[in-house]
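Structure data follow from work-v4.pdb (PDB, C-alpha atoms):
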ATOM      1  CA  MET Q   1      29.531 168.430  78.323
ATOM      2  CA  VAL Q   2      27.564 165.413  77.139
ATOM      3  CA  LEU Q   3      25.713 167.437  74.502
ATOM      4  CA  ALA Q   4      28.966 168.913  73.201
ATOM      5  CA  GLY Q   5      30.361 165.399  72.915
ATOM      6  CA  LEU Q   6      27.315 164.244  70.973
ATOM      7  CA  ILE Q   7      27.738 166.882  68.272
ATOM      8  CA  ALA Q   8      31.532 166.628  68.065
ATOM      9  CA  LYS Q   9      33.205 164.652  65.316
ATOM     10  CA  GLY Q  10      35.035 161.513  66.348
ATOM     11  CA  LYS Q  11      35.074 160.070  69.842
ATOM     12  CA  THR Q  12      34.590 162.038  73.037
ATOM     13  CA  LYS Q  13      35.759 160.868  76.461
ATOM     14  CA  ILE Q  14      34.249 162.423  79.588
ATOM     15  CA  ASN Q  15      35.921 161.697  82.922
ATOM     16  CA  ASN Q  16      34.438 161.988  86.419
ATOM     17  CA  ILE Q  17      30.822 161.458  85.378
ATOM     18  CA  GLU Q  18      29.516 160.917  88.899
ATOM     19  CA  HIS Q  19      27.646 164.239  88.951
ATOM     20  CA  ILE Q  20      25.999 163.431  85.606
ATOM     21  CA  LEU Q  21      24.900 160.006  86.822
ATOM     22  CA  ARG Q  22      23.354 161.523  89.961
ATOM     23  CA  GLY Q  23      21.372 164.122  88.048
ATOM     24  CA  TYR Q  24      20.114 162.057  85.112
ATOM     25  CA  GLU Q  25      18.742 158.561  85.596
ATOM     26  CA  ASN Q  26      19.789 156.125  82.830
ATOM     27  CA  LEU Q  27      21.103 158.936  80.620
ATOM     28  CA  ASP Q  28      23.311 156.556  78.647
ATOM     29  CA  LYS Q  29      20.396 154.220  77.869
ATOM     30  CA  LYS Q  30      18.124 157.097  76.844
ATOM     31  CA  LEU Q  31      20.740 158.564  74.504
ATOM     32  CA  ASN Q  32      21.524 155.128  73.060
ATOM     33  CA  LYS Q  33      17.824 154.832  72.106
ATOM     34  CA  ILE Q  34      18.128 157.923  69.906
ATOM     35  CA  GLY Q  35      21.293 156.753  68.182
ATOM     36  CA  ALA Q  36      24.161 157.826  70.437
ATOM     37  CA  LYS Q  37      26.926 155.297  71.012
ATOM     38  CA  ILE Q  38      27.729 155.635  74.710
ATOM     39  CA  ASN Q  39      29.733 153.272  76.890
ATOM     40  CA  LYS Q  40      30.267 153.645  80.618
ATOM     41  CA  ILE Q  41      33.561 152.095  81.619
ATOM     42  CA  GLY Q  42      34.360 151.253  85.218
ATOM     43  CA  THR Q  43      31.270 152.736  86.859
TER      44      THR Q  43
END
Since I need it in another form, could you write the structure as structure tokens?
Amino acid sequence: MVLAGLIAKGKTKINNIEHILRGYENLDKKLNKIGAKINKIGT
């Protein structure tokens, strides 16, 4: 889901990201380092 959002045009919103956060440590920070613009809201 995250990869699909990265290649999509415009903004992508992914809800219920708890399972992603459990499986990938600091995924948002790692993707931000390679140019992705990711914001976690309310987690």
TODO: Pull the neighbourhood of (22.2, 159.9, 67.3) for me: all residues within 12 Å in file coordinates, counting all atoms listed in the file, as a ChimeraX atom specification.
DONE: /Q:3,5-8,28,30-38
For the PyMOL selection byres ((chain Q and resi 18-23) around 12), applied here, can you spell out every residue it catches as a CSV table (one decimal) with C-alpha atoms, in the frame of the given file?
chain,number,residue,atom,x,y,z
Q,1,MET,CA,29.5,168.4,78.3
Q,2,VAL,CA,27.6,165.4,77.1
Q,3,LEU,CA,25.7,167.4,74.5
Q,14,ILE,CA,34.2,162.4,79.6
Q,15,ASN,CA,35.9,161.7,82.9
Q,16,ASN,CA,34.4,162.0,86.4
Q,17,ILE,CA,30.8,161.5,85.4
Q,24,TYR,CA,20.1,162.1,85.1
Q,25,GLU,CA,18.7,158.6,85.6
Q,26,ASN,CA,19.8,156.1,82.8
Q,27,LEU,CA,21.1,158.9,80.6
Q,28,ASP,CA,23.3,156.6,78.6
Q,29,LYS,CA,20.4,154.2,77.9
Q,40,LYS,CA,30.3,153.6,80.6
Q,42,GLY,CA,34.4,151.3,85.2
Q,43,THR,CA,31.3,152.7,86.9
For stretch 20-24 of chain Q, take all atoms listed in the file, fit an axis-aligned box around them, add 3 Å to each of the six sides, then output centre and edge lengths in Å rounded to one decimal, as lines of an AutoDock Vina configuration file.
center_x = 23.1
center_y = 162.1
center_z = 87.5
size_x = 11.9
size_y = 10.1
size_z = 10.8
Complete stretch 12-38 of chain Q with N, CA, C and O atoms (output as a PDB file, in the frame of the given file).
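Written out: part_16.pdb:
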ATOM      1  N   THR Q  12      34.459 161.124  71.913  1.00  0.00           N
ATOM      2  CA  THR Q  12      34.590 162.038  73.037  1.00  0.00           C
ATOM      3  C   THR Q  12      34.674 161.216  74.310  1.00  0.00           C
ATOM      4  O   THR Q  12      33.895 160.288  74.501  1.00  0.00           O
ATOM      5  N   LYS Q  13      35.616 161.546  75.175  1.00  0.00           N
ATOM      6  CA  LYS Q  13      35.759 160.868  76.461  1.00  0.00           C
ATOM      7  C   LYS Q  13      35.498 161.884  77.564  1.00  0.00           C
ATOM      8  O   LYS Q  13      36.112 162.949  77.601  1.00  0.00           O
ATOM      9  N   ILE Q  14      34.572 161.551  78.459  1.00  0.00           N
ATOM     10  CA  ILE Q  14      34.249 162.423  79.588  1.00  0.00           C
ATOM     11  C   ILE Q  14      34.621 161.686  80.862  1.00  0.00           C
ATOM     12  O   ILE Q  14      34.141 160.588  81.111  1.00  0.00           O
ATOM     13  N   ASN Q  15      35.483 162.285  81.651  1.00  0.00           N
ATOM     14  CA  ASN Q  15      35.921 161.697  82.922  1.00  0.00           C
ATOM     15  C   ASN Q  15      35.076 162.249  84.069  1.00  0.00           C
ATOM     16  O   ASN Q  15      34.444 163.290  83.956  1.00  0.00           O
ATOM     17  N   ASN Q  16      35.123 161.548  85.192  1.00  0.00           N
ATOM     18  CA  ASN Q  16      34.438 161.988  86.419  1.00  0.00           C
ATOM     19  C   ASN Q  16      32.962 162.286  86.170  1.00  0.00           C
ATOM     20  O   ASN Q  16      32.487 163.397  86.383  1.00  0.00           O
ATOM     21  N   ILE Q  17      32.228 161.268  85.745  1.00  0.00           N
ATOM     22  CA  ILE Q  17      30.822 161.458  85.378  1.00  0.00           C
ATOM     23  C   ILE Q  17      29.851 161.257  86.541  1.00  0.00           C
ATOM     24  O   ILE Q  17      28.647 161.202  86.337  1.00  0.00           O
ATOM     25  N   GLU Q  18      30.377 161.183  87.748  1.00  0.00           N
ATOM     26  CA  GLU Q  18      29.516 160.917  88.899  1.00  0.00           C
ATOM     27  C   GLU Q  18      28.386 161.936  89.029  1.00  0.00           C
ATOM     28  O   GLU Q  18      27.249 161.583  89.320  1.00  0.00           O
ATOM     29  N   HIS Q  19      28.683 163.206  88.818  1.00  0.00           N
ATOM     30  CA  HIS Q  19      27.646 164.239  88.951  1.00  0.00           C
ATOM     31  C   HIS Q  19      26.587 164.112  87.858  1.00  0.00           C
ATOM     32  O   HIS Q  19      25.424 164.397  88.075  1.00  0.00           O
ATOM     33  N   ILE Q  20      26.969 163.649  86.687  1.00  0.00           N
ATOM     34  CA  ILE Q  20      25.999 163.431  85.606  1.00  0.00           C
ATOM     35  C   ILE Q  20      25.099 162.255  85.956  1.00  0.00           C
ATOM     36  O   ILE Q  20      23.875 162.317  85.782  1.00  0.00           O
ATOM     37  N   LEU Q  21      25.685 161.188  86.473  1.00  0.00           N
ATOM     38  CA  LEU Q  21      24.900 160.006  86.822  1.00  0.00           C
ATOM     39  C   LEU Q  21      23.916 160.285  87.949  1.00  0.00           C
ATOM     40  O   LEU Q  21      22.831 159.717  87.984  1.00  0.00           O
ATOM     41  N   ARG Q  22      24.267 161.173  88.865  1.00  0.00           N
ATOM     42  CA  ARG Q  22      23.354 161.523  89.961  1.00  0.00           C
ATOM     43  C   ARG Q  22      22.175 162.335  89.459  1.00  0.00           C
ATOM     44  O   ARG Q  22      21.069 162.190  89.948  1.00  0.00           O
ATOM     45  N   GLY Q  23      22.422 163.208  88.482  1.00  0.00           N
ATOM     46  CA  GLY Q  23      21.372 164.122  88.048  1.00  0.00           C
ATOM     47  C   GLY Q  23      20.456 163.586  86.969  1.00  0.00           C
ATOM     48  O   GLY Q  23      19.340 164.065  86.802  1.00  0.00           O
ATOM     49  N   TYR Q  24      20.887 162.565  86.237  1.00  0.00           N
ATOM     50  CA  TYR Q  24      20.114 162.057  85.112  1.00  0.00           C
ATOM     51  C   TYR Q  24      20.058 160.541  85.172  1.00  0.00           C
ATOM     52  O   TYR Q  24      21.059 159.873  84.929  1.00  0.00           O
ATOM     53  N   GLU Q  25      18.902 160.008  85.482  1.00  0.00           N
ATOM     54  CA  GLU Q  25      18.742 158.561  85.596  1.00  0.00           C
ATOM     55  C   GLU Q  25      18.791 157.898  84.226  1.00  0.00           C
ATOM     56  O   GLU Q  25      18.067 158.295  83.308  1.00  0.00           O
ATOM     57  N   ASN Q  26      19.649 156.909  84.067  1.00  0.00           N
ATOM     58  CA  ASN Q  26      19.789 156.125  82.830  1.00  0.00           C
ATOM     59  C   ASN Q  26      20.041 156.992  81.593  1.00  0.00           C
ATOM     60  O   ASN Q  26      19.539 156.694  80.513  1.00  0.00           O
ATOM     61  N   LEU Q  27      20.832 158.035  81.743  1.00  0.00           N
ATOM     62  CA  LEU Q  27      21.103 158.936  80.620  1.00  0.00           C
ATOM     63  C   LEU Q  27      21.728 158.196  79.449  1.00  0.00           C
ATOM     64  O   LEU Q  27      21.346 158.407  78.300  1.00  0.00           O
ATOM     65  N   ASP Q  28      22.664 157.297  79.728  1.00  0.00           N
ATOM     66  CA  ASP Q  28      23.311 156.556  78.647  1.00  0.00           C
ATOM     67  C   ASP Q  28      22.314 155.711  77.868  1.00  0.00           C
ATOM     68  O   ASP Q  28      22.328 155.684  76.636  1.00  0.00           O
ATOM     69  N   LYS Q  29      21.397 155.056  78.546  1.00  0.00           N
ATOM     70  CA  LYS Q  29      20.396 154.220  77.869  1.00  0.00           C
ATOM     71  C   LYS Q  29      19.432 155.067  77.041  1.00  0.00           C
ATOM     72  O   LYS Q  29      19.058 154.697  75.926  1.00  0.00           O
ATOM     73  N   LYS Q  30      19.037 156.210  77.569  1.00  0.00           N
ATOM     74  CA  LYS Q  30      18.124 157.097  76.844  1.00  0.00           C
ATOM     75  C   LYS Q  30      18.780 157.642  75.578  1.00  0.00           C
ATOM     76  O   LYS Q  30      18.153 157.689  74.515  1.00  0.00           O
ATOM     77  N   LEU Q  31      20.040 158.034  75.673  1.00  0.00           N
ATOM     78  CA  LEU Q  31      20.740 158.564  74.504  1.00  0.00           C
ATOM     79  C   LEU Q  31      21.056 157.463  73.493  1.00  0.00           C
ATOM     80  O   LEU Q  31      21.039 157.708  72.288  1.00  0.00           O
ATOM     81  N   ASN Q  32      21.316 156.247  73.977  1.00  0.00           N
ATOM     82  CA  ASN Q  32      21.524 155.128  73.060  1.00  0.00           C
ATOM     83  C   ASN Q  32      20.263 154.866  72.229  1.00  0.00           C
ATOM     84  O   ASN Q  32      20.354 154.503  71.061  1.00  0.00           O
ATOM     85  N   LYS Q  33      19.089 155.055  72.819  1.00  0.00           N
ATOM     86  CA  LYS Q  33      17.824 154.832  72.106  1.00  0.00           C
ATOM     87  C   LYS Q  33      17.650 155.790  70.931  1.00  0.00           C
ATOM     88  O   LYS Q  33      16.960 155.471  69.967  1.00  0.00           O
ATOM     89  N   ILE Q  34      18.271 156.966  71.007  1.00  0.00           N
ATOM     90  CA  ILE Q  34      18.128 157.923  69.906  1.00  0.00           C
ATOM     91  C   ILE Q  34      19.342 157.932  68.982  1.00  0.00           C
ATOM     92  O   ILE Q  34      19.511 158.829  68.173  1.00  0.00           O
ATOM     93  N   GLY Q  35      20.200 156.908  69.130  1.00  0.00           N
ATOM     94  CA  GLY Q  35      21.293 156.753  68.182  1.00  0.00           C
ATOM     95  C   GLY Q  35      22.687 157.072  68.682  1.00  0.00           C
ATOM     96  O   GLY Q  35      23.653 156.887  67.947  1.00  0.00           O
ATOM     97  N   ALA Q  36      22.821 157.548  69.898  1.00  0.00           N
ATOM     98  CA  ALA Q  36      24.161 157.826  70.437  1.00  0.00           C
ATOM     99  C   ALA Q  36      24.854 156.512  70.769  1.00  0.00           C
ATOM    100  O   ALA Q  36      24.189 155.546  71.141  1.00  0.00           O
ATOM    101  N   LYS Q  37      26.147 156.483  70.645  1.00  0.00           N
ATOM    102  CA  LYS Q  37      26.926 155.297  71.012  1.00  0.00           C
ATOM    103  C   LYS Q  37      27.696 155.649  72.278  1.00  0.00           C
ATOM    104  O   LYS Q  37      28.741 156.285  72.220  1.00  0.00           O
ATOM    105  N   ILE Q  38      27.139 155.258  73.425  1.00  0.00           N
ATOM    106  CA  ILE Q  38      27.729 155.635  74.710  1.00  0.00           C
ATOM    107  C   ILE Q  38      28.076 154.375  75.490  1.00  0.00           C
ATOM    108  O   ILE Q  38      27.276 153.448  75.592  1.00  0.00           O
TER     109      ILE Q  38
END
